[in-house]
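Coordinates from input-v7.txt are shown below (compact mmCIF, C-alpha atoms (C1' of nucleotides)).
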```txt
# COMPACT_ATOMS: atom_id res chain seq x y z
CA MET Q 1 -2.33 22.98 6.72
CA GLU Q 2 0.35 24.55 4.57
CA ASN Q 3 2.92 21.86 3.95
CA ILE Q 4 2.84 20.31 0.56
CA PRO Q 5 2.59 16.63 1.31
CA SER Q 6 5.41 14.61 -0.15
CA ILE Q 7 5.01 11.36 1.70
CA LYS Q 8 2.17 9.05 0.96
CA PRO Q 9 -0.16 8.46 3.88
CA THR Q 10 -0.84 4.77 4.44
CA GLU Q 11 -4.33 3.37 3.94
CA SER Q 12 -5.26 3.61 7.59
CA GLU Q 13 -3.85 7.08 7.78
CA LEU Q 14 -5.92 8.11 4.82
CA GLU Q 15 -9.07 6.81 6.47
CA ILE Q 16 -8.31 8.97 9.47
CA LEU Q 17 -7.49 11.96 7.31
CA GLN Q 18 -10.85 11.65 5.60
CA ILE Q 19 -12.50 11.88 8.99
CA LEU Q 20 -10.39 14.83 10.07
CA TRP Q 21 -11.03 16.66 6.84
CA GLN Q 22 -14.72 16.33 7.55
CA LEU Q 23 -14.68 17.09 11.25
CA GLY Q 24 -11.94 19.68 11.41
CA LYS Q 25 -10.60 19.29 14.92
CA ALA Q 26 -11.46 16.09 16.70
CA THR Q 27 -10.60 14.01 19.73
CA VAL Q 28 -9.35 10.47 19.53
CA ARG Q 29 -12.73 9.36 20.76
CA GLN Q 30 -14.53 11.15 17.94
CA VAL Q 31 -12.23 9.80 15.30
CA ASN Q 32 -12.58 6.34 16.74
CA ASN Q 33 -16.35 6.61 16.73
CA GLU Q 34 -16.40 7.56 13.06
CA LEU Q 35 -13.96 4.81 12.25
CA SER Q 36 -16.09 2.31 14.13
CA LYS Q 37 -18.96 3.01 11.78
CA MET Q 38 -16.87 1.50 9.02
CA LYS Q 39 -15.01 -1.28 10.79
CA GLU Q 40 -14.05 -2.86 14.09
CA VAL Q 41 -11.23 -0.92 15.61
CA GLY Q 42 -9.91 -0.61 19.15
CA TYR Q 43 -9.59 2.76 20.79
CA THR Q 44 -5.87 2.47 21.42
CA THR Q 45 -5.33 1.48 17.82
CA THR Q 46 -6.81 4.76 16.69
CA LEU Q 47 -4.85 6.60 19.34
CA LYS Q 48 -1.60 5.03 18.26
CA LEU Q 49 -2.27 5.85 14.64
CA LEU Q 50 -2.92 9.47 15.51
CA GLN Q 51 0.27 9.60 17.54
CA ILE Q 52 2.26 8.22 14.66
CA MET Q 53 0.65 10.68 12.29
CA HIS Q 54 1.54 13.42 14.71
CA GLU Q 55 5.19 12.35 14.71
CA LYS Q 56 5.12 12.45 10.93
CA HIS Q 57 3.55 15.91 10.98
CA ILE Q 58 0.54 14.68 9.10
CA VAL Q 59 -1.68 15.97 11.88
CA SER Q 60 -1.21 18.64 14.52
CA ARG Q 61 -2.63 18.53 17.98
CA THR Q 62 -3.57 20.92 20.71
CA GLU Q 63 -4.15 20.12 24.35
CA GLU Q 64 -7.64 20.96 25.43
CA GLY Q 65 -7.83 20.30 29.13
CA ARG Q 66 -7.44 16.60 29.63
CA TYR Q 67 -7.57 15.49 26.08
CA HIS Q 68 -5.97 16.25 22.74
CA LEU Q 69 -7.59 17.72 19.68
CA TYR Q 70 -6.19 16.49 16.42
CA GLN Q 71 -6.35 18.27 13.11
CA ALA Q 72 -5.15 17.44 9.61
CA GLU Q 73 -1.91 19.21 8.74
CA ILE Q 74 -2.01 18.35 5.09
CA GLY Q 75 -4.71 19.62 2.78
CA GLU Q 76 -7.33 17.40 1.23
CA GLU Q 77 -6.86 18.55 -2.35
CA GLN Q 78 -3.10 18.55 -2.14
CA THR Q 79 -3.13 15.03 -0.81
CA GLN Q 80 -5.58 13.91 -3.46
CA GLN Q 81 -3.33 15.48 -6.05
CA LEU Q 82 -0.29 13.67 -4.72
CA LEU Q 83 -2.04 10.34 -4.53
CA LEU Q 84 -3.66 10.80 -7.90
CA GLY Q 85 -0.29 11.41 -9.53
CA LYS Q 86 1.20 8.29 -8.03
CA PHE Q 87 -1.88 6.29 -8.85
CA VAL Q 88 -1.85 7.37 -12.48
CA ASP Q 89 1.80 6.41 -12.75
CA ALA Q 90 1.46 3.07 -11.05
CA THR Q 91 -1.82 1.94 -12.56
CA PHE Q 92 -2.13 3.76 -15.88
CA ARG Q 93 1.56 4.15 -16.69
CA GLY Q 94 1.26 7.89 -16.39
CA SER Q 95 -1.70 8.37 -18.71
CA ALA Q 96 -4.24 10.59 -16.96
CA MET Q 97 -6.29 10.28 -20.11
CA LYS Q 98 -6.74 6.55 -19.72
CA LEU Q 99 -7.72 6.99 -16.14
CA VAL Q 100 -10.35 9.57 -17.02
CA MET Q 101 -11.77 7.41 -19.77
CA GLN Q 102 -12.07 4.43 -17.46
CA ALA Q 103 -13.55 6.51 -14.69
CA LEU Q 104 -16.15 7.99 -17.03
CA GLY Q 105 -16.81 4.67 -18.65
CA ASN Q 106 -17.39 2.58 -15.62
CA GLN Q 107 -17.92 4.60 -12.50
CA GLU Q 108 -21.19 6.28 -11.67
CA VAL Q 109 -21.43 9.80 -13.03
CA SER Q 110 -24.66 11.77 -13.46
CA LEU Q 111 -25.80 14.01 -16.31
CA ASP Q 112 -25.24 17.15 -14.29
CA GLU Q 113 -21.78 16.03 -13.51
CA LEU Q 114 -21.08 15.37 -17.15
CA ASP Q 115 -22.10 18.96 -17.83
CA GLU Q 116 -19.64 20.19 -15.29
CA ILE Q 117 -16.92 18.16 -16.87
CA LYS Q 118 -17.80 19.62 -20.27
CA LYS Q 119 -17.38 23.08 -18.86
CA LEU Q 120 -14.02 22.22 -17.47
CA ILE Q 121 -12.95 20.78 -20.80
CA ALA Q 122 -14.04 23.95 -22.60
CA GLU Q 123 -11.89 25.94 -20.18
CA LYS Q 124 -8.93 23.71 -20.74
CA GLU Q 125 -9.27 23.96 -24.50
CA LYS Q 126 -9.28 27.73 -24.30
CA ASN Q 127 -6.08 27.66 -22.33
CA LEU Q 128 -4.42 25.18 -24.62
CA ASN Q 129 -5.24 27.34 -27.63
CA LEU Q 130 -3.41 30.39 -26.35
CA MET W 1 -6.35 -14.02 -18.65
CA GLU W 2 -9.96 -14.70 -17.80
CA ASN W 3 -10.26 -14.45 -14.06
CA ILE W 4 -11.80 -11.31 -12.76
CA PRO W 5 -9.27 -10.02 -10.29
CA SER W 6 -10.68 -9.63 -6.82
CA ILE W 7 -7.52 -9.26 -4.81
CA LYS W 8 -5.43 -6.16 -5.04
CA PRO W 9 -1.96 -6.73 -6.38
CA THR W 10 0.69 -5.12 -4.19
CA GLU W 11 2.72 -2.21 -5.53
CA SER W 12 5.64 -4.38 -6.57
CA GLU W 13 3.31 -6.85 -8.15
CA LEU W 14 1.67 -4.07 -10.11
CA GLU W 15 5.04 -2.92 -11.43
CA ILE W 16 5.67 -6.41 -12.68
CA LEU W 17 2.19 -6.70 -14.14
CA GLN W 18 2.78 -3.49 -16.12
CA ILE W 19 5.85 -5.07 -17.62
CA LEU W 20 4.08 -8.32 -18.40
CA TRP W 21 1.15 -6.51 -19.96
CA GLN W 22 3.60 -4.82 -22.30
CA LEU W 23 5.80 -7.79 -23.07
CA GLY W 24 3.25 -10.56 -23.12
CA LYS W 25 5.30 -13.60 -22.15
CA ALA W 26 8.63 -12.92 -20.53
CA THR W 27 11.45 -14.59 -18.65
CA VAL W 28 12.52 -13.54 -15.20
CA ARG W 29 15.60 -12.02 -16.79
CA GLN W 30 13.54 -9.85 -19.11
CA VAL W 31 11.26 -8.69 -16.35
CA ASN W 32 14.22 -7.93 -14.17
CA ASN W 33 15.90 -5.96 -16.94
CA GLU W 34 12.82 -3.79 -17.39
CA LEU W 35 12.49 -3.34 -13.67
CA SER W 36 16.13 -2.35 -13.42
CA LYS W 37 15.48 0.58 -15.72
CA MET W 38 13.30 2.03 -13.01
CA LYS W 39 15.07 1.00 -9.83
CA GLU W 40 17.78 -1.11 -8.25
CA VAL W 41 16.52 -4.62 -7.87
CA GLY W 42 18.24 -7.97 -7.46
CA TYR W 43 17.51 -10.81 -9.83
CA THR W 44 16.33 -13.17 -7.12
CA THR W 45 14.02 -10.52 -5.77
CA THR W 46 12.24 -10.39 -9.10
CA LEU W 47 12.24 -14.16 -9.29
CA LYS W 48 10.72 -14.51 -5.86
CA LEU W 49 8.04 -11.98 -6.65
CA LEU W 50 7.11 -13.84 -9.81
CA GLN W 51 6.97 -17.10 -7.87
CA ILE W 52 4.66 -15.56 -5.30
CA MET W 53 2.49 -14.10 -8.03
CA HIS W 54 2.36 -17.51 -9.59
CA GLU W 55 1.18 -19.07 -6.33
CA LYS W 56 -1.54 -16.44 -6.18
CA HIS W 57 -2.53 -17.15 -9.78
CA ILE W 58 -1.80 -13.60 -10.80
CA VAL W 59 0.58 -14.90 -13.44
CA SER W 60 0.84 -18.20 -15.24
CA ARG W 61 4.04 -19.79 -16.39
CA THR W 62 5.17 -22.27 -18.95
CA GLU W 63 8.45 -24.13 -19.01
CA GLU W 64 10.41 -23.33 -22.09
CA GLY W 65 13.43 -25.57 -22.00
CA ARG W 66 15.55 -24.43 -19.14
CA TYR W 67 13.63 -21.38 -18.14
CA HIS W 68 10.17 -20.24 -17.34
CA LEU W 69 8.04 -17.87 -19.31
CA TYR W 70 5.69 -15.80 -17.21
CA GLN W 71 2.50 -14.19 -18.39
CA ALA W 72 -0.13 -12.03 -16.71
CA GLU W 73 -3.20 -14.02 -15.74
CA ILE W 74 -5.31 -11.02 -14.89
CA GLY W 75 -6.31 -8.46 -17.49
CA GLU W 76 -4.97 -4.95 -17.57
CA GLU W 77 -8.31 -3.17 -17.86
CA GLN W 78 -10.00 -5.35 -15.29
CA THR W 79 -7.21 -4.71 -12.85
CA GLN W 80 -7.28 -0.99 -13.54
CA GLN W 81 -10.99 -1.05 -12.96
CA LEU W 82 -10.61 -2.81 -9.64
CA LEU W 83 -7.87 -0.50 -8.45
CA LEU W 84 -9.68 2.56 -9.69
CA GLY W 85 -12.77 1.68 -7.71
CA LYS W 86 -10.81 1.22 -4.53
CA PHE W 87 -8.83 4.36 -5.16
CA VAL W 88 -11.92 6.47 -5.72
CA ASP W 89 -13.40 5.19 -2.49
CA ALA W 90 -10.28 5.67 -0.40
CA THR W 91 -9.12 8.98 -1.79
CA PHE W 92 -12.24 10.70 -3.13
CA ARG W 93 -14.79 9.19 -0.80
CA GLY W 94 -16.43 7.43 -3.69
CA SER W 95 -16.84 10.42 -5.98
CA ALA W 96 -15.57 9.48 -9.42
CA MET W 97 -16.59 12.97 -10.50
CA LYS W 98 -14.12 14.62 -8.16
CA LEU W 99 -11.40 12.37 -9.35
CA VAL W 100 -12.09 13.19 -12.99
CA MET W 101 -12.15 16.90 -12.29
CA GLN W 102 -8.84 16.76 -10.48
CA ALA W 103 -7.29 14.61 -13.15
CA LEU W 104 -8.41 16.96 -15.90
CA GLY W 105 -7.46 19.99 -13.90
CA ASN W 106 -3.98 19.07 -12.96
CA GLN W 107 -2.60 16.19 -14.94
CA GLU W 108 -1.27 16.51 -18.44
CA VAL W 109 -3.94 16.01 -21.09
CA SER W 110 -3.65 17.10 -24.72
CA LEU W 111 -6.21 18.71 -27.01
CA ASP W 112 -6.72 15.53 -28.97
CA GLU W 113 -7.32 13.68 -25.78
CA LEU W 114 -9.86 16.24 -24.67
CA ASP W 115 -11.68 15.62 -27.92
CA GLU W 116 -11.79 11.93 -27.20
CA ILE W 117 -13.18 12.59 -23.80
CA LYS W 118 -15.87 14.81 -25.29
CA LYS W 119 -16.88 11.99 -27.58
CA LEU W 120 -17.14 9.63 -24.66
CA ILE W 121 -19.24 12.12 -22.75
CA ALA W 122 -21.59 12.52 -25.71
CA GLU W 123 -22.00 8.75 -25.77
CA LYS W 124 -22.71 8.63 -22.10
CA GLU W 125 -25.28 11.38 -22.34
CA LYS W 126 -27.06 9.51 -25.07
CA ASN W 127 -27.25 6.44 -22.90
CA LEU W 128 -28.39 8.36 -19.85
CA ASN W 129 -31.21 9.95 -21.84
CA LEU W 130 -32.81 6.68 -22.81
C1' DT D 1 -11.70 8.13 50.40
C1' DT D 2 -12.15 4.56 47.24
C1' DT D 3 -13.59 3.00 42.99
C1' DT D 4 -14.54 3.50 38.34
C1' DG D 5 -13.82 5.41 33.93
C1' DT D 6 -11.36 7.96 30.50
C1' DT D 7 -7.36 9.65 28.93
C1' DT D 8 -2.30 9.39 27.00
C1' DA D 9 2.04 6.81 26.36
C1' DC D 10 4.53 3.10 24.92
C1' DG D 11 6.35 -1.43 23.92
C1' DA D 12 5.62 -5.39 21.71
C1' DA D 13 3.11 -8.94 18.88
C1' DT D 14 1.31 -9.76 14.50
C1' DG D 15 1.02 -9.72 9.74
C1' DA D 16 2.11 -8.46 5.15
C1' DT D 17 5.52 -7.21 1.76
C1' DT D 18 10.00 -6.93 0.02
C1' DT D 19 14.68 -8.24 -0.31
C1' DC D 20 18.32 -11.25 -0.55
C1' DG D 21 21.71 -15.12 0.54
C1' DT D 22 22.51 -19.80 -0.32
C1' DA D 23 21.96 -24.17 -2.49
C1' DG D 24 21.20 -27.33 -6.21
C1' DC D 25 21.16 -28.18 -11.05
C1' DA D 26 22.08 -27.99 -15.92
C1' DA D 27 24.23 -25.93 -19.74
C1' DA D 28 28.04 -23.64 -21.76
C1' DT D 29 32.91 -22.87 -21.84
C1' DG D 30 37.75 -23.78 -21.63
C1' DC E 1 36.64 -33.28 -17.41
C1' DA E 2 36.65 -29.16 -14.52
C1' DT E 3 35.07 -24.68 -14.11
C1' DT E 4 32.15 -21.00 -14.81
C1' DT E 5 27.70 -19.17 -15.80
C1' DG E 6 22.84 -18.86 -15.43
C1' DC E 7 18.75 -20.73 -13.95
C1' DT E 8 15.06 -22.15 -10.13
C1' DA E 9 13.80 -23.03 -5.28
C1' DC E 10 13.48 -21.74 -0.79
C1' DG E 11 14.17 -20.01 3.80
C1' DA E 12 14.89 -16.25 6.37
C1' DA E 13 16.01 -11.45 7.37
C1' DA E 14 14.55 -6.75 7.02
C1' DT E 15 11.13 -3.42 6.69
C1' DC E 16 6.79 -1.49 7.21
C1' DA E 17 2.02 -1.20 8.80
C1' DT E 18 -1.38 -2.45 12.00
C1' DT E 19 -3.23 -3.94 16.30
C1' DC E 20 -3.46 -4.31 21.01
C1' DG E 21 -2.22 -5.01 26.04
C1' DT E 22 -0.65 -2.71 29.97
C1' DA E 23 0.58 1.12 32.81
C1' DA E 24 0.31 5.69 34.59
C1' DA E 25 -2.20 9.97 35.31
C1' DC E 26 -6.10 12.06 36.65
C1' DA E 27 -11.05 13.26 36.97
C1' DA E 28 -15.55 11.98 38.05
C1' DA E 29 -18.64 9.12 40.58
C1' DA E 30 -19.88 6.41 44.43
```
Here is a file; write its structure as structure tokens.
Amino acid sequence: MENIPSIKPTESELEILQILWQLGKATVRQVNNELSKMKEVGYTTTLKLLQIMHEKHIVSRTEEGRYHLYQAEIGEEQTQQLLLGKFVDATFRGSAMKLVMQALGNQEVSLDELDEIKKLIAEKEKNLNL
Amino acid sequence: MENIPSIKPTESELEILQILWQLGKATVRQVNNELSKMKEVGYTTTLKLLQIMHEKHIVSRTEEGRYHLYQAEIGEEQTQQLLLGKFVDATFRGSAMKLVMQALGNQEVSLDELDEIKKLIAEKEKNLNL
DNA sequence: TTTTGTTTACGAATGATTTCGTAGCAAATG
DNA sequence: CATTTGCTACGAAATCATTCGTAAACAAAA
């Protein structure tokens, strides 16, 4: 879980990563079960995806008796950071500000969450004033 | 420019949309010139992409003498909104809050921009308190 | 022991996206 | 007028991502 991710996981890979980030280690079966809650997907499809991700060093795996346990090799926050950067560039021409405004304006955010954001902003302002 | 976009433009299509949103109407040549500033790309590649986008009604075109003028048919903000929603779901499991925190924490945002965000938050709080 | 079920491995089909070569015109140039 | 230049149209190759069928290994169940 140390490597700084530099390659973008594909959409399907990201779905699997989300599951692995939540489960920690998991078998193909487990991943496939989770995936099946969201969409139709064959077992060997999930298997193949995990194998490809293993080749790419996106996940590691350990043999546990007869089956394999897979685990995310790239961190959740690091990956989010990477994807966020690319997304801001591609969609908001690099303006994180615009993205934040749109997210606050139109996505669901609660009062408590707004408070948290205010705190973070206060922090940032302190740092910028140094 | 009225249709609410429901289909996701591909990455290449989004690059072209960014250019069209900035230029308004543009010829293939103009789009290709802009694109060339960012990456190697053949003229006919750009042309083909614009033709495909035209088929999909992502762009409209008008004949202007010998050439065609292309124009975005889907709005910038609407498209950003659509993509943002999908991105939040795929990358932050639906939590716009997490996305905002990460964006504020790690992307470049200036003091003035932070002020703007504070204003927006104040607005939001007012609305939530009704 | 035989059958059934669960696993991994792997090749190949499918499908979507991107890239580009070629052709056909029309306008500009010599 | 002949040639060159610049445009659109279009098919097809190349690339990438996803899906799945089949086989082989092996354990568990009958």
Leaving out DT19 in chain E and any residue of its chain fewer than 6 positions from it, which residues lie within 12 Å of it when counting all atoms listed in the file, given as a list in words?
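Near DT19 in chain E, the qualifying residues are Ser12, Glu40, Val41, Gly42, Tyr43, Thr44, Thr45, Thr46, Leu47, Lys48 and Leu49 of chain Q; DA12, DA13, DT14 and DG15 of chain D.
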Please, what distance in Å, to one decimal, runs between CA of Ala103 in chain W and CA of Leu23 in chain W?
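About the pair CA of Ala103 in chain W and CA of Leu23 in chain W: they are 27.8 Å apart.
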Please superimpose chain W upon chain Q, fitting all C-alpha atoms matched one to one in order, and report the result as an mmCIF file with C-alpha atoms, keeping the file's coordinate frame.
```cif
data_model
loop_
_atom_site.group_PDB
_atom_site.id
_atom_site.type_symbol
_atom_site.label_atom_id
_atom_site.label_comp_id
_atom_site.auth_asym_id
_atom_site.auth_seq_id
_atom_site.Cartn_x
_atom_site.Cartn_y
_atom_site.Cartn_z
ATOM 1 C CA MET W 1 -2.354 22.990 6.708
ATOM 2 C CA GLU W 2 0.357 24.554 4.606
ATOM 3 C CA ASN W 3 2.934 21.884 3.997
ATOM 4 C CA ILE W 4 2.882 20.318 0.611
ATOM 5 C CA PRO W 5 2.646 16.631 1.326
ATOM 6 C CA SER W 6 5.504 14.669 -0.145
ATOM 7 C CA ILE W 7 5.141 11.405 1.693
ATOM 8 C CA LYS W 8 2.290 9.084 0.974
ATOM 9 C CA PRO W 9 -0.014 8.514 3.894
ATOM 10 C CA THR W 10 -0.673 4.822 4.483
ATOM 11 C CA GLU W 11 -4.154 3.423 3.923
ATOM 12 C CA SER W 12 -5.120 3.646 7.574
ATOM 13 C CA GLU W 13 -3.734 7.119 7.784
ATOM 14 C CA LEU W 14 -5.779 8.131 4.776
ATOM 15 C CA GLU W 15 -8.950 6.820 6.404
ATOM 16 C CA ILE W 16 -8.231 8.981 9.396
ATOM 17 C CA LEU W 17 -7.378 11.976 7.245
ATOM 18 C CA GLN W 18 -10.757 11.652 5.498
ATOM 19 C CA ILE W 19 -12.431 11.863 8.863
ATOM 20 C CA LEU W 20 -10.348 14.818 9.973
ATOM 21 C CA TRP W 21 -10.966 16.649 6.723
ATOM 22 C CA GLN W 22 -14.679 16.310 7.382
ATOM 23 C CA LEU W 23 -14.677 17.073 11.080
ATOM 24 C CA GLY W 24 -11.972 19.686 11.258
ATOM 25 C CA LYS W 25 -10.666 19.297 14.797
ATOM 26 C CA ALA W 26 -11.546 16.087 16.557
ATOM 27 C CA THR W 27 -10.730 14.017 19.611
ATOM 28 C CA VAL W 28 -9.452 10.485 19.414
ATOM 29 C CA ARG W 29 -12.866 9.352 20.592
ATOM 30 C CA GLN W 30 -14.624 11.120 17.743
ATOM 31 C CA VAL W 31 -12.245 9.776 15.156
ATOM 32 C CA ASN W 32 -12.603 6.315 16.566
ATOM 33 C CA ASN W 33 -16.387 6.561 16.512
ATOM 34 C CA GLU W 34 -16.364 7.502 12.836
ATOM 35 C CA LEU W 35 -13.894 4.771 12.065
ATOM 36 C CA SER W 36 -16.033 2.254 13.904
ATOM 37 C CA LYS W 37 -18.875 2.932 11.504
ATOM 38 C CA MET W 38 -16.735 1.440 8.785
ATOM 39 C CA LYS W 39 -14.861 -1.317 10.571
ATOM 40 C CA GLU W 40 -13.961 -2.913 13.878
ATOM 41 C CA VAL W 41 -11.190 -0.945 15.461
ATOM 42 C CA GLY W 42 -9.940 -0.617 19.022
ATOM 43 C CA TYR W 43 -9.677 2.766 20.664
ATOM 44 C CA THR W 44 -5.968 2.482 21.350
ATOM 45 C CA THR W 45 -5.345 1.501 17.768
ATOM 46 C CA THR W 46 -6.832 4.780 16.622
ATOM 47 C CA LEU W 47 -4.927 6.625 19.309
ATOM 48 C CA LYS W 48 -1.643 5.084 18.287
ATOM 49 C CA LEU W 49 -2.244 5.901 14.657
ATOM 50 C CA LEU W 50 -2.954 9.518 15.510
ATOM 51 C CA GLN W 51 0.205 9.660 17.611
ATOM 52 C CA ILE W 52 2.264 8.297 14.744
ATOM 53 C CA MET W 53 0.662 10.741 12.346
ATOM 54 C CA HIS W 54 1.496 13.484 14.766
ATOM 55 C CA GLU W 55 5.150 12.438 14.852
ATOM 56 C CA LYS W 56 5.160 12.549 11.067
ATOM 57 C CA HIS W 57 3.557 15.994 11.088
ATOM 58 C CA ILE W 58 0.584 14.748 9.142
ATOM 59 C CA VAL W 59 -1.686 16.017 11.891
ATOM 60 C CA SER W 60 -1.266 18.682 14.522
ATOM 61 C CA ARG W 61 -2.758 18.576 17.965
ATOM 62 C CA THR W 62 -3.727 20.970 20.669
ATOM 63 C CA GLU W 63 -4.364 20.155 24.295
ATOM 64 C CA GLU W 64 -7.865 21.010 25.286
ATOM 65 C CA GLY W 65 -8.067 20.393 28.990
ATOM 66 C CA ARG W 66 -7.755 16.703 29.501
ATOM 67 C CA TYR W 67 -7.779 15.592 25.930
ATOM 68 C CA HIS W 68 -6.157 16.290 22.644
ATOM 69 C CA LEU W 69 -7.749 17.750 19.583
ATOM 70 C CA TYR W 70 -6.279 16.508 16.340
ATOM 71 C CA GLN W 71 -6.402 18.289 13.028
ATOM 72 C CA ALA W 72 -5.132 17.456 9.549
ATOM 73 C CA GLU W 73 -1.895 19.246 8.748
ATOM 74 C CA ILE W 74 -1.902 18.366 5.088
ATOM 75 C CA GLY W 75 -4.579 19.610 2.723
ATOM 76 C CA GLU W 76 -7.183 17.384 1.178
ATOM 77 C CA GLU W 77 -6.713 18.520 -2.413
ATOM 78 C CA GLN W 78 -2.949 18.520 -2.205
ATOM 79 C CA THR W 79 -2.982 15.014 -0.844
ATOM 80 C CA GLN W 80 -5.429 13.866 -3.492
ATOM 81 C CA GLN W 81 -3.189 15.396 -6.089
ATOM 82 C CA LEU W 82 -0.147 13.589 -4.769
ATOM 83 C CA LEU W 83 -1.914 10.258 -4.554
ATOM 84 C CA LEU W 84 -3.533 10.710 -7.923
ATOM 85 C CA GLY W 85 -0.193 11.276 -9.585
ATOM 86 C CA LYS W 86 1.281 8.161 -8.070
ATOM 87 C CA PHE W 87 -1.812 6.169 -8.871
ATOM 88 C CA VAL W 88 -1.828 7.222 -12.505
ATOM 89 C CA ASP W 89 1.801 6.227 -12.826
ATOM 90 C CA ALA W 90 1.454 2.876 -11.099
ATOM 91 C CA THR W 91 -1.853 1.783 -12.551
ATOM 92 C CA PHE W 92 -2.178 3.594 -15.884
ATOM 93 C CA ARG W 93 1.479 3.911 -16.740
ATOM 94 C CA GLY W 94 1.247 7.654 -16.472
ATOM 95 C CA SER W 95 -1.738 8.173 -18.747
ATOM 96 C CA ALA W 96 -4.210 10.435 -16.985
ATOM 97 C CA MET W 97 -6.337 10.167 -20.114
ATOM 98 C CA LYS W 98 -6.828 6.441 -19.688
ATOM 99 C CA LEU W 99 -7.757 6.913 -16.112
ATOM 100 C CA VAL W 100 -10.360 9.539 -16.963
ATOM 101 C CA MET W 101 -11.853 7.382 -19.679
ATOM 102 C CA GLN W 102 -12.150 4.416 -17.362
ATOM 103 C CA ALA W 103 -13.578 6.522 -14.591
ATOM 104 C CA LEU W 104 -16.186 8.033 -16.883
ATOM 105 C CA GLY W 105 -16.913 4.718 -18.484
ATOM 106 C CA ASN W 106 -17.470 2.648 -15.443
ATOM 107 C CA GLN W 107 -17.946 4.673 -12.313
ATOM 108 C CA GLU W 108 -21.169 6.376 -11.400
ATOM 109 C CA VAL W 109 -21.415 9.909 -12.764
ATOM 110 C CA SER W 110 -24.635 11.897 -13.119
ATOM 111 C CA LEU W 111 -25.826 14.157 -15.924
ATOM 112 C CA ASP W 112 -25.205 17.283 -13.910
ATOM 113 C CA GLU W 113 -21.725 16.118 -13.207
ATOM 114 C CA LEU W 114 -21.107 15.471 -16.872
ATOM 115 C CA ASP W 115 -22.114 19.053 -17.519
ATOM 116 C CA GLU W 116 -19.574 20.259 -15.020
ATOM 117 C CA ILE W 117 -16.920 18.215 -16.665
ATOM 118 C CA LYS W 118 -17.828 19.685 -20.041
ATOM 119 C CA LYS W 119 -17.384 23.147 -18.614
ATOM 120 C CA LEU W 120 -13.980 22.233 -17.295
ATOM 121 C CA ILE W 121 -12.989 20.810 -20.649
ATOM 122 C CA ALA W 122 -14.090 23.994 -22.408
ATOM 123 C CA GLU W 123 -11.896 25.957 -20.017
ATOM 124 C CA LYS W 124 -8.967 23.718 -20.647
ATOM 125 C CA GLU W 125 -9.362 23.980 -24.389
ATOM 126 C CA LYS W 126 -9.357 27.730 -24.151
ATOM 127 C CA ASN W 127 -6.119 27.645 -22.234
ATOM 128 C CA LEU W 128 -4.507 25.155 -24.577
ATOM 129 C CA ASN W 129 -5.354 27.340 -27.568
ATOM 130 C CA LEU W 130 -3.474 30.354 -26.314
#
```
Counting all atoms listed in the file, a student should be able to say which residues of chain W come within 12 Å of chain E; what is the right answer, written as a VMD selection string?
chain W and resid 27 to 29 43 to 44 47 to 48 50 to 52 63 to 68
One decimal place gives the CA of Ile58 in chain Q-CA of Val31 in chain Q separation as 15.0 Å
Which chain W residues have any atom within 8 Å of an atom of chain Q, and for each, what is the nearest pair of atoms with distance in Å to one decimal, counting all atoms listed in the file, rows sorted by chain and number, as a tab-separated table?
```
residue	atom	partner	partner_atom	distance
W:Glu11	CA	Q:Ala90	CA	7.7
W:Leu14	CA	Q:Ala90	CA	7.2
W:Glu15	CA	Q:Ala90	CA	7.0
W:Gln18	CA	Q:Arg93	CA	7.8
W:Gln80	CA	Q:Thr91	CA	6.3
W:Gln81	CA	Q:Gln102	CA	7.2
W:Leu83	CA	Q:Thr91	CA	7.7
W:Leu84	CA	Q:Ala103	CA	7.5
W:Gly85	CA	Q:Gln107	CA	7.6
W:Ala90	CA	Q:Glu15	CA	7.1
W:Thr91	CA	Q:Gln80	CA	6.3
W:Phe92	CA	Q:Gln80	CA	7.4
W:Arg93	CA	Q:Gln18	CA	7.9
W:Ala96	CA	Q:Gln107	CA	6.2
W:Met97	CA	Q:Val109	CA	6.3
W:Val100	CA	Q:Val100	CA	5.7
W:Met101	CA	Q:Ile117	CA	6.7
W:Gln102	CA	Q:Gln81	CA	7.2
W:Ala103	CA	Q:Ala96	CA	6.3
W:Leu104	CA	Q:Ala96	CA	7.7
W:Gly105	CA	Q:Leu120	CA	7.8
W:Asn106	CA	Q:Gln81	CA	7.8
W:Gln107	CA	Q:Ala96	CA	6.2
W:Glu108	CA	Q:Ala96	CA	6.8
W:Val109	CA	Q:Met97	CA	6.3
W:Leu111	CA	Q:Glu125	CA	6.6
W:Glu113	CA	Q:Met97	CA	6.7
W:Leu114	CA	Q:Ile121	CA	6.7
W:Ile117	CA	Q:Met101	CA	6.7
W:Lys118	CA	Q:Lys118	CA	7.2
W:Leu120	CA	Q:Met101	CA	7.6
W:Ile121	CA	Q:Leu114	CA	6.7
W:Lys124	CA	Q:Gly105	CA	7.9
W:Glu125	CA	Q:Leu111	CA	6.6
W:Leu128	CA	Q:Leu111	CA	7.2
```
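Going from CA of Lys86 in chain W to CA of Pro5 in chain W covers 12.7 Å.
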The centre and edge lengths of an axis-aligned box containing all atoms of range 2-21 of chain E present in the file, extended by 3 Å on each side, are to be given in Å to one decimal, as JSON.
```
{"center_x": 16.6, "center_y": -15.2, "center_z": 5.1, "size_x": 46.1, "size_y": 34.0, "size_z": 47.8}
```
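With only C-alpha atoms (C1' of nucleotides) as the atoms that count, the residue of W:Lys37, W:Glu13, W:Lys56, W:Glu73 with the shortest distance to chain D is W:Glu13.
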Using all atoms listed in the file, pick whichever of Q:Asn127, Q:Lys39, Q:Thr10, Q:His54 has the shortest atom-to-atom distance to Tyr70 in chain Q.
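Ranked by minimum distance to Tyr70 in chain Q, first place goes to Q:His54.
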Can you check which residues of chain D have any atom within 9 Å of chain W? Use all atoms listed in the file and format it as JSON, numbers by chain.
{"D": [17, 18, 19, 20, 26, 27]}
